[in-house]
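J.: I'd like to ask some things about the structure below.
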Amino acid sequence: MTAAELEALVKLIGEARHIVLGTAADPASRADGERIAEAWGGLVLATVTWPETAASWLRQAQRFAAPDPDMWVVAATPTGWAGLSRRLLMSTRWSSHRTVVTATLTDSRLPGLRGARADGTTWEN
């Protein structure tokens, strides 16, 4: 994650009172999640990590959605996020409109999803 991307993500999180942080299990995603939490400095209600492949992702989706934060923040790989986001949509009250993602997920097409690119520009579906 670039410094510009991190700064843009923190701005997108804005004045949220609390977040839930989700990461893929790979070292880069986990490190990005830690950097985001540290740079933002607010209350992280939960940090949920998920694998690239899973039988259903149900357990991780329930843990991710349950705290009902002001915002969800995701640092993940496209493959793992695709599986988890499908499960989130099918099985929880999670909202893509309250979710911010890192540059690795720029191609995600969920309505309302927002994110930051490596150059610090932001996007919204």
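Residues are named by chain letter and number: chains run A, B, ... in the order of the structure tokens, numbers start at 1 in each chain, and ligands are numbered from 1 in the order shown.
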Within 12 Å of A:Gln62, counting only C-alpha atoms, which residues show up once you throw out same-chain ones fewer than 4 positions away? Write them as a PyMOL selection string, please.

T.: chain A and resi 20+22+46+48-50+56-58+66-68+84-85+87-94

J.: So which bits of stretch 3-119 of chain A end up alpha helix (DSSP H) when you DSSP the backbone, as a tab-separated table (two decimals) with N, CA and C atoms, in the first residue's frame?

T.:
chain	number	residue	atom	x	y	z
A	3	ALA	N	1.72	5.36	0.45
A	3	ALA	CA	1.37	6.40	1.42
A	3	ALA	C	0.15	7.19	0.93
A	4	ALA	N	0.08	7.45	-0.37
A	4	ALA	CA	-1.06	8.20	-0.92
A	4	ALA	C	-2.36	7.41	-0.77
A	5	GLU	N	-2.29	6.12	-1.01
A	5	GLU	CA	-3.48	5.27	-0.84
A	5	GLU	C	-3.93	5.27	0.62
A	6	LEU	N	-2.99	5.10	1.53
A	6	LEU	CA	-3.31	5.09	2.95
A	6	LEU	C	-3.97	6.39	3.39
A	7	GLU	N	-3.41	7.51	2.95
A	7	GLU	CA	-3.98	8.81	3.30
A	7	GLU	C	-5.40	8.94	2.75
A	8	ALA	N	-5.63	8.50	1.53
A	8	ALA	CA	-6.97	8.57	0.93
A	8	ALA	C	-7.96	7.68	1.68
A	9	LEU	N	-7.52	6.50	2.08
A	9	LEU	CA	-8.40	5.60	2.84
A	9	LEU	C	-8.81	6.21	4.18
A	10	VAL	N	-7.85	6.80	4.86
A	10	VAL	CA	-8.15	7.44	6.14
A	10	VAL	C	-9.17	8.56	5.95
A	11	LYS	N	-9.05	9.31	4.87
A	11	LYS	CA	-10.03	10.37	4.57
A	11	LYS	C	-11.40	9.78	4.27
A	12	LEU	N	-11.44	8.64	3.55
A	12	LEU	CA	-12.72	7.99	3.27
A	12	LEU	C	-13.39	7.47	4.54
A	13	ILE	N	-12.59	6.98	5.46
A	13	ILE	CA	-13.14	6.53	6.74
A	13	ILE	C	-13.70	7.73	7.50
A	27	PRO	N	0.04	-12.22	4.09
A	27	PRO	CA	0.80	-11.23	4.88
A	27	PRO	C	0.63	-9.79	4.41
A	28	ALA	N	0.55	-9.55	3.12
A	28	ALA	CA	0.41	-8.17	2.62
A	28	ALA	C	-0.92	-7.56	3.04
A	29	SER	N	-2.00	-8.31	2.92
A	29	SER	CA	-3.33	-7.80	3.31
A	29	SER	C	-3.38	-7.54	4.81
A	30	ARG	N	-2.83	-8.45	5.59
A	30	ARG	CA	-2.83	-8.27	7.04
A	30	ARG	C	-2.02	-7.04	7.44
A	31	ALA	N	-0.87	-6.86	6.80
A	31	ALA	CA	-0.03	-5.68	7.08
A	31	ALA	C	-0.75	-4.40	6.68
A	32	ASP	N	-1.44	-4.42	5.54
A	32	ASP	CA	-2.20	-3.24	5.11
A	32	ASP	C	-3.29	-2.91	6.13
A	33	GLY	N	-3.97	-3.94	6.62
A	33	GLY	CA	-5.00	-3.72	7.63
A	33	GLY	C	-4.44	-3.07	8.89
A	34	GLU	N	-3.29	-3.55	9.34
A	34	GLU	CA	-2.65	-2.97	10.51
A	34	GLU	C	-2.26	-1.51	10.27
A	35	ARG	N	-1.74	-1.22	9.09
A	35	ARG	CA	-1.36	0.16	8.76
A	35	ARG	C	-2.58	1.08	8.74
A	36	ILE	N	-3.69	0.59	8.20
A	36	ILE	CA	-4.91	1.39	8.16
A	36	ILE	C	-5.39	1.69	9.58
A	37	ALA	N	-5.48	0.67	10.41
A	37	ALA	CA	-5.94	0.86	11.79
A	37	ALA	C	-5.06	1.86	12.54
A	38	GLU	N	-3.76	1.73	12.37
A	38	GLU	CA	-2.84	2.63	13.06
A	38	GLU	C	-2.96	4.06	12.54
A	39	ALA	N	-3.03	4.23	11.23
A	39	ALA	CA	-3.12	5.58	10.65
A	39	ALA	C	-4.44	6.25	11.01
A	40	TRP	N	-5.53	5.49	11.02
A	40	TRP	CA	-6.83	6.07	11.35
A	40	TRP	C	-6.90	6.40	12.83
A	58	LEU	N	-19.17	-18.52	5.69
A	58	LEU	CA	-20.27	-18.09	6.56
A	58	LEU	C	-19.78	-17.57	7.91
A	59	ARG	N	-18.90	-18.31	8.56
A	59	ARG	CA	-18.41	-17.90	9.88
A	59	ARG	C	-17.73	-16.54	9.81
A	60	GLN	N	-16.87	-16.35	8.81
A	60	GLN	CA	-16.16	-15.07	8.67
A	60	GLN	C	-17.14	-13.95	8.34
A	61	ALA	N	-18.10	-14.21	7.49
A	61	ALA	CA	-19.08	-13.18	7.12
A	61	ALA	C	-19.91	-12.76	8.34
A	62	GLN	N	-20.32	-13.70	9.15
A	62	GLN	CA	-21.09	-13.36	10.34
A	62	GLN	C	-20.26	-12.54	11.33
A	63	ARG	N	-19.00	-12.92	11.52
A	63	ARG	CA	-18.12	-12.16	12.41
A	63	ARG	C	-17.85	-10.76	11.88
A	64	PHE	N	-17.73	-10.64	10.57
A	64	PHE	CA	-17.45	-9.34	9.93
A	64	PHE	C	-18.66	-8.40	10.06
A	65	ALA	N	-19.85	-8.92	9.85
A	65	ALA	CA	-21.05	-8.07	9.84
A	65	ALA	C	-21.65	-7.83	11.21
A	78	PRO	N	-8.52	-10.01	-4.44
A	78	PRO	CA	-9.78	-10.12	-5.17
A	78	PRO	C	-10.48	-11.48	-5.01
A	79	THR	N	-9.73	-12.56	-5.01
A	79	THR	CA	-10.35	-13.89	-4.92
A	79	THR	C	-11.06	-14.09	-3.60
A	80	GLY	N	-10.38	-13.84	-2.50
A	80	GLY	CA	-11.00	-14.02	-1.19
A	80	GLY	C	-12.16	-13.06	-0.97
A	81	TRP	N	-12.00	-11.82	-1.42
A	81	TRP	CA	-13.07	-10.82	-1.25
A	81	TRP	C	-14.31	-11.22	-2.05
A	82	ALA	N	-14.12	-11.75	-3.24
A	82	ALA	CA	-15.26	-12.18	-4.05
A	82	ALA	C	-16.08	-13.22	-3.30
A	83	GLY	N	-15.41	-14.19	-2.70
A	83	GLY	CA	-16.12	-15.22	-1.95
A	83	GLY	C	-16.80	-14.67	-0.72
A	84	LEU	N	-16.07	-13.87	0.05
A	84	LEU	CA	-16.65	-13.33	1.27
A	84	LEU	C	-17.79	-12.37	0.97
A	85	SER	N	-17.63	-11.49	-0.01
A	85	SER	CA	-18.68	-10.51	-0.30
A	85	SER	C	-19.97	-11.20	-0.78
A	86	ARG	N	-19.84	-12.29	-1.53
A	86	ARG	CA	-21.05	-13.04	-1.91
A	86	ARG	C	-21.76	-13.56	-0.67
A	87	ARG	N	-21.00	-14.10	0.27
A	87	ARG	CA	-21.60	-14.62	1.49
A	87	ARG	C	-22.20	-13.49	2.32
A	88	LEU	N	-21.52	-12.36	2.39
A	88	LEU	CA	-22.06	-11.21	3.11
A	88	LEU	C	-23.42	-10.80	2.55
A	89	LEU	N	-23.52	-10.74	1.23
A	89	LEU	CA	-24.78	-10.35	0.59
A	89	LEU	C	-25.89	-11.36	0.83
A	90	MET	N	-25.54	-12.64	0.86
A	90	MET	CA	-26.55	-13.70	1.02
A	90	MET	C	-27.00	-13.89	2.47
A	91	SER	N	-26.10	-13.63	3.42
A	91	SER	CA	-26.36	-14.11	4.78
A	91	SER	C	-26.31	-13.07	5.89

J.: May I ask for the distance between atom CA of A:Ala25 and atom CA of A:Thr77, given in Å to one decimal place?

T.: 9.0 Å

J.: So which bits of stretch 6-90 of chain A end up strand (DSSP E or B) when you DSSP the backbone, as number ranges by chain?

T.: A: 18-24, 43-50, 71-75

J.: With N, CA and C atoms retained, export the selected residues as an mmCIF file, in the first residue's frame.

T.:
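Result went into result12.cif, see below:
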data_model
loop_
_atom_site.group_PDB
_atom_site.id
_atom_site.type_symbol
_atom_site.label_atom_id
_atom_site.label_comp_id
_atom_site.auth_asym_id
_atom_site.auth_seq_id
_atom_site.Cartn_x
_atom_site.Cartn_y
_atom_site.Cartn_z
ATOM 1 N N HIS A 18 -16.472 4.097 14.753
ATOM 2 C CA HIS A 18 -15.837 2.793 14.875
ATOM 3 C C HIS A 18 -15.947 2.047 13.558
ATOM 4 N N ILE A 19 -15.012 1.112 13.369
ATOM 5 C CA ILE A 19 -14.975 0.328 12.135
ATOM 6 C C ILE A 19 -14.803 -1.152 12.479
ATOM 7 N N VAL A 20 -15.090 -1.982 11.500
ATOM 8 C CA VAL A 20 -14.662 -3.374 11.511
ATOM 9 C C VAL A 20 -13.684 -3.495 10.364
ATOM 10 N N LEU A 21 -12.554 -4.095 10.642
ATOM 11 C CA LEU A 21 -11.493 -4.250 9.667
ATOM 12 C C LEU A 21 -11.477 -5.688 9.178
ATOM 13 N N GLY A 22 -11.488 -5.872 7.868
ATOM 14 C CA GLY A 22 -11.425 -7.208 7.292
ATOM 15 C C GLY A 22 -10.205 -7.341 6.403
ATOM 16 N N THR A 23 -9.516 -8.478 6.532
ATOM 17 C CA THR A 23 -8.344 -8.703 5.695
ATOM 18 C C THR A 23 -8.317 -10.134 5.192
ATOM 19 N N ALA A 24 -7.677 -10.302 4.056
ATOM 20 C CA ALA A 24 -7.359 -11.646 3.598
ATOM 21 C C ALA A 24 -6.255 -12.171 4.505
ATOM 22 N N LEU A 43 -11.533 3.556 16.989
ATOM 23 C CA LEU A 43 -11.922 2.297 17.603
ATOM 24 C C LEU A 43 -12.206 1.236 16.538
ATOM 25 N N VAL A 44 -11.470 0.141 16.600
ATOM 26 C CA VAL A 44 -11.696 -1.004 15.720
ATOM 27 C C VAL A 44 -12.474 -2.027 16.537
ATOM 28 N N LEU A 45 -13.741 -2.237 16.193
ATOM 29 C CA LEU A 45 -14.598 -3.153 16.947
ATOM 30 C C LEU A 45 -14.165 -4.601 16.792
ATOM 31 N N ALA A 46 -13.681 -4.951 15.613
ATOM 32 C CA ALA A 46 -13.231 -6.319 15.350
ATOM 33 C C ALA A 46 -12.329 -6.312 14.136
ATOM 34 N N THR A 47 -11.426 -7.270 14.110
ATOM 35 C CA THR A 47 -10.625 -7.531 12.920
ATOM 36 C C THR A 47 -10.903 -8.968 12.520
ATOM 37 N N VAL A 48 -11.360 -9.145 11.291
ATOM 38 C CA VAL A 48 -11.728 -10.470 10.789
ATOM 39 C C VAL A 48 -10.838 -10.797 9.599
ATOM 40 N N THR A 49 -10.243 -11.967 9.637
ATOM 41 C CA THR A 49 -9.375 -12.433 8.563
ATOM 42 C C THR A 49 -10.000 -13.663 7.927
ATOM 43 N N TRP A 50 -9.905 -13.767 6.590
ATOM 44 C CA TRP A 50 -10.482 -14.913 5.895
ATOM 45 C C TRP A 50 -9.493 -15.485 4.893
ATOM 46 N N MET A 71 -18.549 1.859 9.744
ATOM 47 C CA MET A 71 -17.945 1.561 8.454
ATOM 48 C C MET A 71 -17.156 0.258 8.528
ATOM 49 N N TRP A 72 -17.172 -0.462 7.400
ATOM 50 C CA TRP A 72 -16.318 -1.630 7.236
ATOM 51 C C TRP A 72 -15.155 -1.221 6.343
ATOM 52 N N VAL A 73 -13.955 -1.698 6.658
ATOM 53 C CA VAL A 73 -12.763 -1.391 5.893
ATOM 54 C C VAL A 73 -12.108 -2.711 5.510
ATOM 55 N N VAL A 74 -11.787 -2.861 4.211
ATOM 56 C CA VAL A 74 -11.299 -4.144 3.706
ATOM 57 C C VAL A 74 -9.955 -3.971 3.006
ATOM 58 N N ALA A 75 -9.006 -4.816 3.408
ATOM 59 C CA ALA A 75 -7.710 -4.939 2.748
ATOM 60 C C ALA A 75 -7.572 -6.415 2.395
#

J.: Within 7 Å of stretch 108-118 of chain A, counting only C-alpha atoms, which residues qualify if same-chain residues fewer than 2 places away don't, as a PDB file with all heavy atoms, in the first residue's frame?

T.:
ATOM      1  N   MET A   1       0.844  -1.170   0.000  1.00  0.00           N
ATOM      2  CA  MET A   1       0.000   0.000   0.000  1.00  0.00           C
ATOM      3  C   MET A   1       0.894   1.239   0.000  1.00  0.00           C
ATOM      4  O   MET A   1       1.843   1.315   0.769  1.00  0.00           O
ATOM      5  CB  MET A   1      -0.895  -0.020   1.238  1.00  0.00           C
ATOM      6  CG  MET A   1      -1.656   1.253   1.433  1.00  0.00           C
ATOM      7  SD  MET A   1      -2.645   1.305   2.942  1.00  0.00           S
ATOM      8  CE  MET A   1      -3.527  -0.207   2.818  1.00  0.00           C
ATOM      9  N   THR A   2       0.545   2.178  -0.849  1.00  0.00           N
ATOM     10  CA  THR A   2       1.326   3.409  -0.917  1.00  0.00           C
ATOM     11  C   THR A   2       0.879   4.385   0.166  1.00  0.00           C
ATOM     12  O   THR A   2      -0.230   4.266   0.713  1.00  0.00           O
ATOM     13  CB  THR A   2       1.163   4.087  -2.281  1.00  0.00           C
ATOM     14  OG1 THR A   2      -0.203   4.533  -2.407  1.00  0.00           O
ATOM     15  CG2 THR A   2       1.515   3.147  -3.436  1.00  0.00           C
ATOM     16  N   ALA A   4       0.084   7.449  -0.368  1.00  0.00           N
ATOM     17  CA  ALA A   4      -1.057   8.202  -0.923  1.00  0.00           C
ATOM     18  C   ALA A   4      -2.356   7.412  -0.772  1.00  0.00           C
ATOM     19  O   ALA A   4      -3.408   7.978  -0.441  1.00  0.00           O
ATOM     20  CB  ALA A   4      -0.801   8.517  -2.392  1.00  0.00           C
ATOM     21  N   GLU A   5      -2.289   6.121  -1.009  1.00  0.00           N
ATOM     22  CA  GLU A   5      -3.478   5.272  -0.842  1.00  0.00           C
ATOM     23  C   GLU A   5      -3.926   5.266   0.618  1.00  0.00           C
ATOM     24  O   GLU A   5      -5.117   5.410   0.911  1.00  0.00           O
ATOM     25  CB  GLU A   5      -3.166   3.855  -1.301  1.00  0.00           C
ATOM     26  CG  GLU A   5      -4.295   2.876  -1.117  1.00  0.00           C
ATOM     27  CD  GLU A   5      -3.911   1.457  -1.466  1.00  0.00           C
ATOM     28  OE1 GLU A   5      -2.776   1.215  -1.934  1.00  0.00           O
ATOM     29  OE2 GLU A   5      -4.750   0.563  -1.261  1.00  0.00           O
ATOM     30  N   ALA A   8      -5.632   8.503   1.526  1.00  0.00           N
ATOM     31  CA  ALA A   8      -6.968   8.574   0.930  1.00  0.00           C
ATOM     32  C   ALA A   8      -7.961   7.683   1.678  1.00  0.00           C
ATOM     33  O   ALA A   8      -9.123   8.069   1.894  1.00  0.00           O
ATOM     34  CB  ALA A   8      -6.911   8.188  -0.547  1.00  0.00           C
ATOM     35  N   LEU A   9      -7.517   6.497   2.084  1.00  0.00           N
ATOM     36  CA  LEU A   9      -8.399   5.597   2.841  1.00  0.00           C
ATOM     37  C   LEU A   9      -8.806   6.206   4.175  1.00  0.00           C
ATOM     38  O   LEU A   9      -9.977   6.152   4.564  1.00  0.00           O
ATOM     39  CB  LEU A   9      -7.720   4.248   3.069  1.00  0.00           C
ATOM     40  CG  LEU A   9      -7.627   3.345   1.852  1.00  0.00           C
ATOM     41  CD1 LEU A   9      -6.667   2.200   2.113  1.00  0.00           C
ATOM     42  CD2 LEU A   9      -9.001   2.815   1.472  1.00  0.00           C
ATOM     43  N   SER A  96     -22.595  -2.624   1.384  1.00  0.00           N
ATOM     44  CA  SER A  96     -21.455  -2.147   0.592  1.00  0.00           C
ATOM     45  C   SER A  96     -21.376  -0.619   0.609  1.00  0.00           C
ATOM     46  O   SER A  96     -20.306  -0.050   0.399  1.00  0.00           O
ATOM     47  CB  SER A  96     -21.546  -2.664  -0.842  1.00  0.00           C
ATOM     48  OG  SER A  96     -22.745  -2.239  -1.456  1.00  0.00           O
ATOM     49  N   HIS A  97     -22.475   0.051   0.888  1.00  0.00           N
ATOM     50  CA  HIS A  97     -22.501   1.516   0.929  1.00  0.00           C
ATOM     51  C   HIS A  97     -21.737   2.083   2.123  1.00  0.00           C
ATOM     52  O   HIS A  97     -21.443   3.275   2.153  1.00  0.00           O
ATOM     53  CB  HIS A  97     -23.942   2.030   0.948  1.00  0.00           C
ATOM     54  CG  HIS A  97     -24.691   1.697  -0.293  1.00  0.00           C
ATOM     55  ND1 HIS A  97     -24.654   2.486  -1.406  1.00  0.00           N
ATOM     56  CD2 HIS A  97     -25.456   0.638  -0.613  1.00  0.00           C
ATOM     57  CE1 HIS A  97     -25.388   1.943  -2.369  1.00  0.00           C
ATOM     58  NE2 HIS A  97     -25.882   0.816  -1.906  1.00  0.00           N
ATOM     59  N   THR A  99     -18.797   0.608   3.124  1.00  0.00           N
ATOM     60  CA  THR A  99     -17.559  -0.159   3.045  1.00  0.00           C
ATOM     61  C   THR A  99     -16.531   0.564   2.184  1.00  0.00           C
ATOM     62  O   THR A  99     -16.860   1.080   1.120  1.00  0.00           O
ATOM     63  CB  THR A  99     -17.841  -1.563   2.472  1.00  0.00           C
ATOM     64  OG1 THR A  99     -18.840  -2.189   3.286  1.00  0.00           O
ATOM     65  CG2 THR A  99     -16.592  -2.411   2.446  1.00  0.00           C
ATOM     66  N   VAL A 100     -15.292   0.564   2.671  1.00  0.00           N
ATOM     67  CA  VAL A 100     -14.162   1.166   1.977  1.00  0.00           C
ATOM     68  C   VAL A 100     -13.129   0.068   1.758  1.00  0.00           C
ATOM     69  O   VAL A 100     -12.862  -0.727   2.660  1.00  0.00           O
ATOM     70  CB  VAL A 100     -13.557   2.313   2.826  1.00  0.00           C
ATOM     71  CG1 VAL A 100     -12.282   2.832   2.212  1.00  0.00           C
ATOM     72  CG2 VAL A 100     -14.563   3.424   3.000  1.00  0.00           C
ATOM     73  N   VAL A 101     -12.533   0.045   0.555  1.00  0.00           N
ATOM     74  CA  VAL A 101     -11.575  -1.008   0.219  1.00  0.00           C
ATOM     75  C   VAL A 101     -10.269  -0.415  -0.313  1.00  0.00           C
ATOM     76  O   VAL A 101     -10.225   0.716  -0.781  1.00  0.00           O
ATOM     77  CB  VAL A 101     -12.163  -1.993  -0.821  1.00  0.00           C
ATOM     78  CG1 VAL A 101     -13.428  -2.649  -0.287  1.00  0.00           C
ATOM     79  CG2 VAL A 101     -12.453  -1.315  -2.143  1.00  0.00           C
ATOM     80  N   THR A 102      -9.231  -1.246  -0.254  1.00  0.00           N
ATOM     81  CA  THR A 102      -7.912  -0.850  -0.738  1.00  0.00           C
ATOM     82  C   THR A 102      -7.819  -0.985  -2.259  1.00  0.00           C
ATOM     83  O   THR A 102      -8.718  -1.511  -2.914  1.00  0.00           O
ATOM     84  CB  THR A 102      -6.819  -1.716  -0.085  1.00  0.00           C
ATOM     85  OG1 THR A 102      -7.068  -3.076  -0.408  1.00  0.00           O
ATOM     86  CG2 THR A 102      -6.784  -1.529   1.418  1.00  0.00           C
ATOM     87  N   ALA A 103      -6.694  -0.534  -2.795  1.00  0.00           N
ATOM     88  CA  ALA A 103      -6.482  -0.523  -4.244  1.00  0.00           C
ATOM     89  C   ALA A 103      -6.547  -1.906  -4.875  1.00  0.00           C
ATOM     90  O   ALA A 103      -6.897  -2.029  -6.046  1.00  0.00           O
ATOM     91  CB  ALA A 103      -5.141   0.130  -4.570  1.00  0.00           C
ATOM     92  N   LEU A 105      -8.713  -3.962  -4.635  1.00  0.00           N
ATOM     93  CA  LEU A 105     -10.111  -4.288  -4.945  1.00  0.00           C
ATOM     94  C   LEU A 105     -10.784  -3.231  -5.812  1.00  0.00           C
ATOM     95  O   LEU A 105     -12.005  -3.154  -5.879  1.00  0.00           O
ATOM     96  CB  LEU A 105     -10.897  -4.491  -3.646  1.00  0.00           C
ATOM     97  CG  LEU A 105     -10.325  -5.588  -2.746  1.00  0.00           C
ATOM     98  CD1 LEU A 105     -11.080  -5.642  -1.426  1.00  0.00           C
ATOM     99  CD2 LEU A 105     -10.346  -6.929  -3.443  1.00  0.00           C
ATOM    100  N   THR A 106      -9.987  -2.434  -6.510  1.00  0.00           N
ATOM    101  CA  THR A 106     -10.521  -1.365  -7.356  1.00  0.00           C
ATOM    102  C   THR A 106     -11.518  -1.874  -8.389  1.00  0.00           C
ATOM    103  O   THR A 106     -12.457  -1.171  -8.750  1.00  0.00           O
ATOM    104  CB  THR A 106      -9.363  -0.615  -8.051  1.00  0.00           C
ATOM    105  OG1 THR A 106      -8.543  -0.040  -7.040  1.00  0.00           O
ATOM    106  CG2 THR A 106      -9.864   0.474  -8.968  1.00  0.00           C
ATOM    107  N   GLY A 120      -3.690   7.526  -4.728  1.00  0.00           N
ATOM    108  CA  GLY A 120      -4.423   8.364  -3.795  1.00  0.00           C
ATOM    109  C   GLY A 120      -5.746   8.884  -4.298  1.00  0.00           C
ATOM    110  O   GLY A 120      -6.482   9.527  -3.543  1.00  0.00           O
ATOM    111  N   THR A 121      -6.075   8.624  -5.558  1.00  0.00           N
ATOM    112  CA  THR A 121      -7.399   9.014  -6.038  1.00  0.00           C
ATOM    113  C   THR A 121      -8.423   8.024  -5.496  1.00  0.00           C
ATOM    114  O   THR A 121      -8.088   6.885  -5.155  1.00  0.00           O
ATOM    115  CB  THR A 121      -7.455   9.053  -7.578  1.00  0.00           C
ATOM    116  OG1 THR A 121      -7.132   7.751  -8.101  1.00  0.00           O
ATOM    117  CG2 THR A 121      -6.499  10.101  -8.142  1.00  0.00           C
ATOM    118  N   THR A 122      -9.653   8.464  -5.421  1.00  0.00           N
ATOM    119  CA  THR A 122     -10.706   7.606  -4.882  1.00  0.00           C
ATOM    120  C   THR A 122     -11.757   7.328  -5.941  1.00  0.00           C
ATOM    121  O   THR A 122     -11.833   8.007  -6.964  1.00  0.00           O
ATOM    122  CB  THR A 122     -11.364   8.257  -3.651  1.00  0.00           C
ATOM    123  OG1 THR A 122     -11.925   9.521  -4.030  1.00  0.00           O
ATOM    124  CG2 THR A 122     -10.349   8.443  -2.528  1.00  0.00           C
ATOM    125  N   TRP A 123     -12.562   6.321  -5.694  1.00  0.00           N
ATOM    126  CA  TRP A 123     -13.616   5.918  -6.622  1.00  0.00           C
ATOM    127  C   TRP A 123     -14.828   5.445  -5.808  1.00  0.00           C
ATOM    128  O   TRP A 123     -14.719   5.147  -4.619  1.00  0.00           O
ATOM    129  CB  TRP A 123     -13.137   4.820  -7.555  1.00  0.00           C
ATOM    130  CG  TRP A 123     -12.619   3.610  -6.828  1.00  0.00           C
ATOM    131  CD1 TRP A 123     -11.322   3.379  -6.446  1.00  0.00           C
ATOM    132  CD2 TRP A 123     -13.362   2.486  -6.385  1.00  0.00           C
ATOM    133  NE1 TRP A 123     -11.223   2.185  -5.784  1.00  0.00           N
ATOM    134  CE2 TRP A 123     -12.454   1.611  -5.735  1.00  0.00           C
ATOM    135  CE3 TRP A 123     -14.692   2.108  -6.467  1.00  0.00           C
ATOM    136  CZ2 TRP A 123     -12.865   0.402  -5.165  1.00  0.00           C
ATOM    137  CZ3 TRP A 123     -15.094   0.912  -5.900  1.00  0.00           C
ATOM    138  CH2 TRP A 123     -14.193   0.073  -5.266  1.00  0.00           C
ATOM    139  N   GLU A 124     -15.958   5.432  -6.464  1.00  0.00           N
ATOM    140  CA  GLU A 124     -17.194   4.924  -5.849  1.00  0.00           C
ATOM    141  C   GLU A 124     -18.060   4.291  -6.929  1.00  0.00           C
ATOM    142  O   GLU A 124     -18.187   4.839  -8.013  1.00  0.00           O
ATOM    143  CB  GLU A 124     -17.952   6.058  -5.173  1.00  0.00           C
ATOM    144  CG  GLU A 124     -19.213   5.596  -4.471  1.00  0.00           C
ATOM    145  CD  GLU A 124     -19.894   6.686  -3.677  1.00  0.00           C
ATOM    146  OE1 GLU A 124     -19.313   7.769  -3.499  1.00  0.00           O
ATOM    147  OE2 GLU A 124     -21.025   6.453  -3.222  1.00  0.00           O
ATOM    148  N   ASN A 125     -18.632   3.142  -6.595  1.00  0.00           N
ATOM    149  CA  ASN A 125     -19.565   2.478  -7.546  1.00  0.00           C
ATOM    150  C   ASN A 125     -20.982   2.938  -7.300  1.00  0.00           C
ATOM    151  O   ASN A 125     -21.385   3.259  -6.250  1.00  0.00           O
ATOM    152  CB  ASN A 125     -19.503   0.953  -7.377  1.00  0.00           C
ATOM    153  CG  ASN A 125     -18.227   0.390  -7.947  1.00  0.00           C
ATOM    154  OD1 ASN A 125     -17.583   0.991  -8.785  1.00  0.00           O
ATOM    155  ND2 ASN A 125     -17.850  -0.762  -7.468  1.00  0.00           N
TER     156      ASN A 125
END
